[in-house]
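Shown here: data_27.pdb, PDB, C-alpha atoms.
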```
ATOM      1  CA  MET F   1      -6.483   9.522  13.969
ATOM      2  CA  ARG F   2      -7.910   7.605  11.014
ATOM      3  CA  ILE F   3      -5.479   6.594   8.258
ATOM      4  CA  ILE F   4      -6.588   4.915   5.034
ATOM      5  CA  SER F   5      -4.422   3.438   2.294
ATOM      6  CA  TRP F   6      -5.683   2.710  -1.228
ATOM      7  CA  ASN F   7      -4.113   1.614  -4.484
ATOM      8  CA  VAL F   8      -6.386   3.607  -6.789
ATOM      9  CA  ASN F   9      -4.969   2.239 -10.078
ATOM     10  CA  GLY F  10      -5.039   5.725 -11.561
ATOM     11  CA  LEU F  11      -6.027   8.767  -9.509
ATOM     12  CA  ARG F  12      -7.661  10.632 -12.380
ATOM     13  CA  ALA F  13      -9.766   7.570 -13.175
ATOM     14  CA  VAL F  14     -11.040   7.140  -9.609
ATOM     15  CA  LEU F  15     -11.765  10.881  -9.327
ATOM     16  CA  LYS F  16     -14.310  10.347 -12.107
ATOM     17  CA  LYS F  17     -15.886   7.500 -10.163
ATOM     18  CA  ASN F  18     -16.497   7.470  -6.406
ATOM     19  CA  PHE F  19     -13.443   9.133  -4.853
ATOM     20  CA  CYS F  20     -15.136  12.168  -3.322
ATOM     21  CA  GLU F  21     -18.064  10.098  -2.053
ATOM     22  CA  PHE F  22     -15.611   7.655  -0.494
ATOM     23  CA  VAL F  23     -13.708  10.448   1.282
ATOM     24  CA  LYS F  24     -16.958  11.951   2.548
ATOM     25  CA  GLU F  25     -18.196   8.613   3.905
ATOM     26  CA  TYR F  26     -14.977   7.511   5.660
ATOM     27  CA  SER F  27     -13.480  10.931   6.548
ATOM     28  CA  PRO F  28      -9.817   9.918   6.772
ATOM     29  CA  ASP F  29      -7.486  12.299   8.574
ATOM     30  CA  ILE F  30      -4.766  10.951   6.286
ATOM     31  CA  LEU F  31      -5.205   9.146   2.967
ATOM     32  CA  CYS F  32      -2.265   7.341   1.409
ATOM     33  CA  LEU F  33      -2.501   6.443  -2.272
ATOM     34  CA  GLN F  34      -0.529   4.160  -4.525
ATOM     35  CA  GLU F  35      -0.371   3.722  -8.307
ATOM     36  CA  THR F  36      -1.546   7.290  -8.831
ATOM     37  CA  LYS F  37      -0.209   7.276 -12.418
ATOM     38  CA  ILE F  38       0.094  11.052 -12.613
ATOM     39  CA  SER F  39       2.930  13.380 -13.552
ATOM     40  CA  ARG F  40       3.950  16.363 -11.470
ATOM     41  CA  ASP F  41       2.789  18.904 -14.061
ATOM     42  CA  ILE F  42      -0.901  18.066 -13.546
ATOM     43  CA  ILE F  43      -0.989  17.904  -9.738
ATOM     44  CA  GLY F  44      -2.133  21.525  -9.406
ATOM     45  CA  ALA F  45      -5.182  20.840 -11.573
ATOM     46  CA  LEU F  46      -6.477  18.012  -9.373
ATOM     47  CA  GLU F  47      -9.421  18.860  -7.134
ATOM     48  CA  LEU F  48      -8.801  16.931  -3.936
ATOM     49  CA  PRO F  49     -10.737  17.471  -0.675
ATOM     50  CA  PHE F  50      -7.681  17.731   1.591
ATOM     51  CA  LYS F  51      -5.695  20.623   3.030
ATOM     52  CA  CYS F  52      -2.285  19.047   2.443
ATOM     53  CA  LYS F  53      -1.452  17.247  -0.809
ATOM     54  CA  ASN F  54       1.925  15.605  -1.334
ATOM     55  CA  PHE F  55       3.039  13.387  -4.210
ATOM     56  CA  SER F  56       5.961  11.343  -5.413
ATOM     57  CA  CYS F  57       5.796  10.837  -9.177
ATOM     58  CA  ALA F  58       7.617   8.490 -11.518
ATOM     59  CA  GLU F  59       9.809   9.856 -14.276
ATOM     60  CA  LYS F  60       7.795   7.733 -16.700
ATOM     61  CA  LYS F  61       4.407   9.353 -17.337
ATOM     62  CA  GLY F  62       1.291   7.396 -16.394
ATOM     63  CA  TYR F  63       3.222   4.959 -14.218
ATOM     64  CA  SER F  64       3.473   4.065 -10.533
ATOM     65  CA  GLY F  65       3.471   6.994  -8.059
ATOM     66  CA  THR F  66       2.387   7.523  -4.451
ATOM     67  CA  ALA F  67       0.646  10.274  -2.501
ATOM     68  CA  ILE F  68      -0.190  11.328   1.044
ATOM     69  CA  LEU F  69      -3.243  13.561   1.416
ATOM     70  CA  SER F  70      -4.131  14.892   4.834
ATOM     71  CA  ASN F  71      -6.046  17.388   6.907
ATOM     72  CA  ILE F  72      -3.163  17.327   9.400
ATOM     73  CA  GLU F  73      -0.071  19.359   8.520
ATOM     74  CA  PRO F  74       2.963  17.043   8.386
ATOM     75  CA  LEU F  75       6.162  18.252  10.016
ATOM     76  CA  GLU F  76       8.179  16.983   7.062
ATOM     77  CA  VAL F  77       7.520  15.210   3.761
ATOM     78  CA  ARG F  78      10.112  13.462   1.642
ATOM     79  CA  ALA F  79      10.071  11.302  -1.451
ATOM     80  CA  VAL F  80      12.410   8.357  -0.989
ATOM     81  CA  GLU F  81      14.189   6.849  -3.979
ATOM     82  CA  LEU F  82      16.203   3.768  -3.079
ATOM     83  CA  GLU F  83      19.770   4.041  -4.318
ATOM     84  CA  GLY F  84      20.403   2.252  -7.596
ATOM     85  CA  HIS F  85      16.709   1.940  -8.506
ATOM     86  CA  PRO F  86      14.650   3.710 -11.190
ATOM     87  CA  LEU F  87      12.854   6.916 -10.206
ATOM     88  CA  GLU F  88       9.362   5.443  -9.980
ATOM     89  CA  GLY F  89       7.836   7.369  -7.073
ATOM     90  CA  ARG F  90       7.333   4.243  -4.991
ATOM     91  CA  ILE F  91       7.924   5.601  -1.468
ATOM     92  CA  LEU F  92       6.616   8.812   0.082
ATOM     93  CA  CYS F  93       7.184   9.572   3.776
ATOM     94  CA  ALA F  94       5.536  12.116   6.053
ATOM     95  CA  ASN F  95       6.420  12.878   9.656
ATOM     96  CA  PHE F  96       3.311  13.493  11.766
ATOM     97  CA  GLY F  97       5.100  13.793  15.089
ATOM     98  CA  GLU F  98       4.476  10.535  16.899
ATOM     99  CA  ILE F  99       4.529   8.516  13.671
ATOM    100  CA  ASN F 100       6.574   8.440  10.487
ATOM    101  CA  LEU F 101       4.121   7.374   7.791
ATOM    102  CA  ALA F 102       5.241   5.810   4.510
ATOM    103  CA  SER F 103       2.986   5.233   1.502
ATOM    104  CA  VAL F 104       4.594   2.431  -0.506
ATOM    105  CA  TYR F 105       4.004   0.778  -3.871
ATOM    106  CA  VAL F 106       6.233  -2.299  -4.183
ATOM    107  CA  PRO F 107       7.304  -3.436  -7.680
ATOM    108  CA  ASN F 108       5.489  -6.392  -9.229
ATOM    109  CA  SER F 109       7.516  -9.424 -10.321
ATOM    110  CA  GLN F 110       5.444  -9.520 -13.542
ATOM    111  CA  ASP F 111       4.282 -12.380 -15.738
ATOM    112  CA  GLY F 112       6.751 -15.199 -15.963
ATOM    113  CA  LEU F 113       8.519 -13.770 -12.899
ATOM    114  CA  LYS F 114      10.791 -11.855 -15.263
ATOM    115  CA  ARG F 115      11.273  -9.076 -12.716
ATOM    116  CA  LEU F 116      11.631 -11.323  -9.649
ATOM    117  CA  PRO F 117      15.431 -10.862  -9.284
ATOM    118  CA  TYR F 118      14.988  -7.085  -9.392
ATOM    119  CA  ARG F 119      12.034  -7.306  -7.002
ATOM    120  CA  ARG F 120      14.131  -9.220  -4.498
ATOM    121  CA  GLN F 121      16.881  -6.596  -4.603
ATOM    122  CA  TRP F 122      14.243  -3.913  -4.083
ATOM    123  CA  ASN F 123      12.889  -5.902  -1.132
ATOM    124  CA  ARG F 124      16.324  -6.023   0.484
ATOM    125  CA  ASP F 125      16.961  -2.326  -0.023
ATOM    126  CA  PHE F 126      13.512  -1.411   1.233
ATOM    127  CA  ALA F 127      14.003  -3.526   4.371
ATOM    128  CA  GLU F 128      17.173  -1.539   5.120
ATOM    129  CA  PHE F 129      15.222   1.707   4.719
ATOM    130  CA  ALA F 130      12.364   0.441   6.909
ATOM    131  CA  LYS F 131      14.735  -0.569   9.706
ATOM    132  CA  GLY F 132      15.930   3.023   9.931
ATOM    133  CA  LEU F 133      12.480   4.621   9.950
ATOM    134  CA  SER F 134      11.641   5.555  13.540
ATOM    135  CA  ASN F 135       8.059   5.190  14.788
ATOM    136  CA  ALA F 136       7.238   3.543  11.467
ATOM    137  CA  VAL F 137       3.753   3.128  10.047
ATOM    138  CA  ILE F 138       4.163   1.667   6.563
ATOM    139  CA  CYS F 139       1.143   1.205   4.350
ATOM    140  CA  GLY F 140       0.356   0.391   0.773
ATOM    141  CA  ASP F 141       0.427  -2.212  -1.953
ATOM    142  CA  MET F 142       3.166  -4.648  -0.962
ATOM    143  CA  ASN F 143       2.431  -6.893  -3.967
ATOM    144  CA  VAL F 144       2.676 -10.082  -1.908
ATOM    145  CA  ALA F 145       0.163 -12.333  -0.210
ATOM    146  CA  HIS F 146       2.096 -13.386   2.861
ATOM    147  CA  GLU F 147       0.408 -16.623   3.919
ATOM    148  CA  GLU F 148      -1.893 -19.155   2.287
ATOM    149  CA  ILE F 149      -4.816 -17.667   4.211
ATOM    150  CA  ASP F 150      -4.174 -14.400   2.331
ATOM    151  CA  ILE F 151      -5.046 -15.789  -1.101
ATOM    152  CA  ALA F 152      -8.151 -17.531  -2.420
ATOM    153  CA  ARG F 153      -6.323 -20.230  -4.398
ATOM    154  CA  PRO F 154      -2.898 -20.822  -2.875
ATOM    155  CA  ALA F 155      -2.254 -24.259  -4.387
ATOM    156  CA  SER F 156      -2.296 -23.002  -7.973
ATOM    157  CA  ASN F 157      -0.318 -19.794  -7.357
ATOM    158  CA  HIS F 158       2.997 -20.811  -5.811
ATOM    159  CA  PHE F 159       4.795 -19.759  -8.989
ATOM    160  CA  SER F 160       2.725 -16.628  -9.580
ATOM    161  CA  ALA F 161       4.038 -13.101  -9.066
ATOM    162  CA  GLY F 162       3.106 -12.030  -5.545
ATOM    163  CA  PHE F 163       2.956 -15.526  -4.055
ATOM    164  CA  THR F 164       6.334 -17.083  -4.750
ATOM    165  CA  ASP F 165       8.227 -18.611  -1.857
ATOM    166  CA  GLU F 166      10.941 -15.982  -2.380
ATOM    167  CA  GLU F 167       8.601 -12.991  -2.120
ATOM    168  CA  ARG F 168       6.841 -14.406   0.917
ATOM    169  CA  GLU F 169      10.166 -15.139   2.598
ATOM    170  CA  ASP F 170      11.321 -11.576   1.903
ATOM    171  CA  PHE F 171       8.149 -10.235   3.474
ATOM    172  CA  SER F 172       8.715 -12.335   6.602
ATOM    173  CA  THR F 173      12.266 -10.978   6.733
ATOM    174  CA  LEU F 174      10.992  -7.403   6.461
ATOM    175  CA  LEU F 175       8.600  -7.908   9.368
ATOM    176  CA  LYS F 176      11.281  -9.479  11.544
ATOM    177  CA  GLU F 177      14.245  -7.234  10.743
ATOM    178  CA  ALA F 178      12.293  -3.958  10.781
ATOM    179  CA  ASP F 179      10.310  -4.988  13.895
ATOM    180  CA  LEU F 180       6.949  -4.543  12.160
ATOM    181  CA  SER F 181       3.525  -5.988  12.833
ATOM    182  CA  ASP F 182       0.914  -6.783  10.165
ATOM    183  CA  VAL F 183      -1.779  -5.196  12.277
ATOM    184  CA  TRP F 184      -4.873  -6.454  10.442
ATOM    185  CA  ARG F 185      -3.676 -10.064  10.594
ATOM    186  CA  GLU F 186      -2.655  -9.641  14.225
ATOM    187  CA  GLN F 187      -6.222  -8.595  15.016
ATOM    188  CA  ASN F 188      -7.751 -11.268  12.771
ATOM    189  CA  PRO F 189      -5.400 -14.260  13.001
ATOM    190  CA  ASN F 190      -7.771 -16.869  11.576
ATOM    191  CA  LEU F 191     -10.086 -14.800   9.376
ATOM    192  CA  ALA F 192     -10.081 -16.086   5.802
ATOM    193  CA  ASP F 193     -11.716 -14.863   2.577
ATOM    194  CA  LYS F 194     -10.789 -11.213   3.221
ATOM    195  CA  TYR F 195      -8.869  -9.737   0.323
ATOM    196  CA  THR F 196      -7.746  -6.358  -1.001
ATOM    197  CA  TRP F 197      -7.132  -7.089  -4.702
ATOM    198  CA  TRP F 198      -9.085  -8.966  -7.344
ATOM    199  CA  SER F 199      -8.297  -9.489 -10.996
ATOM    200  CA  TYR F 200     -10.574  -7.701 -13.441
ATOM    201  CA  ARG F 201     -10.892 -11.012 -15.296
ATOM    202  CA  PHE F 202     -13.479 -13.769 -14.904
ATOM    203  CA  GLY F 203     -15.633 -11.887 -12.399
ATOM    204  CA  ALA F 204     -13.040 -12.467  -9.684
ATOM    205  CA  ARG F 205     -14.350  -9.764  -7.370
ATOM    206  CA  GLN F 206     -17.944 -10.941  -7.563
ATOM    207  CA  LYS F 207     -16.728 -14.477  -6.767
ATOM    208  CA  ASN F 208     -14.290 -13.154  -4.120
ATOM    209  CA  ILE F 209     -11.312 -14.847  -5.751
ATOM    210  CA  GLY F 210      -8.807 -12.393  -4.356
ATOM    211  CA  TRP F 211      -5.476 -11.679  -2.707
ATOM    212  CA  ARG F 212      -4.627  -9.693   0.439
ATOM    213  CA  ILE F 213      -1.666  -7.647  -0.745
ATOM    214  CA  ASP F 214      -2.389  -4.214   0.806
ATOM    215  CA  TYR F 215      -1.188  -3.727   4.383
ATOM    216  CA  PHE F 216      -0.549  -1.532   7.351
ATOM    217  CA  LEU F 217       2.778  -2.520   8.900
ATOM    218  CA  VAL F 218       3.412  -0.844  12.232
ATOM    219  CA  ARG F 219       6.514  -0.793  14.439
ATOM    220  CA  ASN F 220       5.779  -3.177  17.293
ATOM    221  CA  SER F 221       6.305  -0.480  19.901
ATOM    222  CA  LEU F 222       3.330   1.387  18.376
ATOM    223  CA  ALA F 223       1.079  -1.616  17.792
ATOM    224  CA  LYS F 224      -0.726  -1.166  21.122
ATOM    225  CA  LYS F 225      -1.949   2.231  19.875
ATOM    226  CA  ILE F 226      -3.896   0.683  16.991
ATOM    227  CA  LYS F 227      -7.520   0.823  18.055
ATOM    228  CA  ASN F 228      -8.933  -0.709  14.888
ATOM    229  CA  ALA F 229      -7.824  -2.210  11.579
ATOM    230  CA  GLU F 230     -10.207  -2.852   8.706
ATOM    231  CA  ILE F 231     -10.348  -3.977   5.102
ATOM    232  CA  LEU F 232     -12.918  -1.804   3.322
ATOM    233  CA  ASP F 233     -13.813  -4.404   0.719
ATOM    234  CA  GLY F 234     -17.166  -2.819  -0.035
ATOM    235  CA  VAL F 235     -15.442   0.183  -1.631
ATOM    236  CA  GLU F 236     -15.128  -0.099  -5.398
ATOM    237  CA  GLY F 237     -13.515   2.160  -8.001
ATOM    238  CA  SER F 238     -10.236   0.226  -8.363
ATOM    239  CA  ASP F 239      -9.082  -3.385  -8.600
ATOM    240  CA  HIS F 240      -7.869  -2.841  -5.003
ATOM    241  CA  CYS F 241      -9.987  -1.854  -2.019
ATOM    242  CA  PRO F 242      -8.814   0.493   0.751
ATOM    243  CA  VAL F 243      -7.430  -0.625   4.121
ATOM    244  CA  MET F 244      -7.734   1.433   7.285
ATOM    245  CA  ILE F 245      -6.361   1.802  10.791
ATOM    246  CA  GLU F 246      -7.406   4.053  13.673
ATOM    247  CA  LEU F 247      -4.951   5.202  16.310
TER     248      LEU F 247
END
```
Would you write the structure of this file as structure tokens?
Amino acid sequence: MRIISWNVNGLRAVLKKNFCEFVKEYSPDILCLQETKISRDIIGALELPFKCKNFSCAEKKGYSGTAILSNIEPLEVRAVELEGHPLEGRILCANFGEINLASVYVPNSQDGLKRLPYRRQWNRDFAEFAKGLSNAVICGDMNVAHEEIDIARPASNHFSAGFTDEEREDFSTLLKEADLSDVWREQNPNLADKYTWWSYRFGARQKNIGWRIDYFLVRNSLAKKIKNAEILDGVEGSDHCPVMIEL
């Protein structure tokens, strides 16, 4: 089973670029998307090369959103809205039998860290959800570079959204409390200069000044089933690149 996760930064935008070519080349059995930025009323008009198409959409149009597209029929699909949080379509879960797959788009702490207190509450509530998800495979844009090796310029970013000590500590807590493994890093413990997001400014992608903020997090009891984990950093079309695992 090949599962790919991609923050597309607007599904309609990437459909006009290389989306269908990407799907044809990599042939995912399941494709998880984040930041789809679509409203439920246009889903039926989207031409997507998958048998099963499931979405969680934000109340606010053109904002956030997640999807799980597959050629395998899920046993159950559910949009998860954490209690007390805005309806932003940030978590979509699908049960595929031996795994419970979650496509996740974590809130950004924003410029000036003005949303950091909210982000930390979201982190805590999400960790509680993740602990209760059996046979968990969680993928998506976690909006945090966990270690210094996961960011091109760590020294100048300790007070930047996505690399604060608080966000990194919360991510460590999530891994520990929910018994999850960052499978790409486990397979590549010392590999640097591999990123999944680059700013559109200053030619960051061409210079590979990036951040690794897109992950597959797998319950440790399932980690031995991961045959391969890759960062598909040659795929363009978004400011993020896809990440992939094979079970």
Please provide as a count of residues only all residues within 10 Å of F:Gln110, with the sequence filter that same-chain residues fewer than 2 positions apart are discarded (counting all atoms listed in the file).
-> 11
Residue contacts of F:Leu191 (10 Å, only C-alpha atoms) excluding same-chain residues fewer than 4 positions away, as a VMD selection string = chain F and resid 149 to 150 184 to 185 187
Print the selection's residues with C-alpha atoms to a file, as a PDB file, in the coordinates of the input.
```
ATOM      1  CA  ILE F 149      -4.816 -17.667   4.211  1.00  0.00           C
ATOM      2  CA  ASP F 150      -4.174 -14.400   2.331  1.00  0.00           C
ATOM      3  CA  TRP F 184      -4.873  -6.454  10.442  1.00  0.00           C
ATOM      4  CA  ARG F 185      -3.676 -10.064  10.594  1.00  0.00           C
ATOM      5  CA  GLN F 187      -6.222  -8.595  15.016  1.00  0.00           C
TER       6      GLN F 187
END
```
Wanna dump the stretch 1-104 of chain F-stretch 210-222 of chain F contacts at 9 Å for me, each residue with its shortest atom pair and the distance in Å to one decimal, counting all atoms listed in the file, ordered by chain and number, as JSON lines?
```
{"residue": "F:Ser5", "atom": "CA", "partner": "F:Asp214", "partner_atom": "CA", "distance": 8.1}
{"residue": "F:Trp6", "atom": "CA", "partner": "F:Asp214", "partner_atom": "CA", "distance": 7.9}
{"residue": "F:Asn7", "atom": "CA", "partner": "F:Asp214", "partner_atom": "CA", "distance": 8.1}
{"residue": "F:Ile99", "atom": "CA", "partner": "F:Leu222", "partner_atom": "CA", "distance": 8.6}
```
Write the residues you've just listed into a file as a compact mmCIF listing (two decimals), in the frame of the given file, and include C-alpha atoms for each of them.
```txt
# COMPACT_ATOMS: atom_id res chain seq x y z
CA SER F 5 -4.42 3.44 2.29
CA TRP F 6 -5.68 2.71 -1.23
CA ASN F 7 -4.11 1.61 -4.48
CA ILE F 99 4.53 8.52 13.67
```
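Atom CA of F:Leu48 is found 26.3 Å from atom CA of F:Asn143.
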Given 5 Å of margin on each side, can you work out the centre and size in Å (one decimal) of an axis-aligned box holding every listed atom of stretch 205-218 of chain F, as lines of an AutoDock Vina configuration file?
```
center_x = -7.3
center_y = -7.8
center_z = 2.3
size_x = 31.4
size_y = 24.0
size_z = 29.8
```
Calculate how many Å separate atom CA of F:Ser156 from atom CA of F:Asp170, rounding to one decimal.
-> 20.3 Å
For the structure shown, which residues end up in the PyMOL selection byres ((chain F and resi 39) around 9)? Put them as a ChimeraX atom specification, please?
-> /F:36-38,40-43,56-63,65
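The two atoms in question, atom CA of F:Val137 and atom CA of F:Ile68, are spaced 12.8 Å apart.
Here the question is which of F:Leu232, F:Asp239, F:Phe96, F:Thr164 gets nearest to F:Ile4 using all atoms listed in the file, and that residue is F:Leu232.
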Within 9 Å of F:Phe163, counting all atoms listed in the file, which residues show up once you throw out same-chain ones fewer than 6 positions away? Write them as a PyMOL selection string, please.
-> chain F and resi 143-148+151+154+157
Between F:Leu11, F:Leu31, F:Ala45, F:Ile226, single out the one closest to F:Val243, counting only C-alpha atoms.
-> F:Leu31
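Distance check against F:Glu166 using only C-alpha atoms: of F:Pro86, F:Pro117, F:Pro189, F:Gly203, the minimum falls on F:Pro117.
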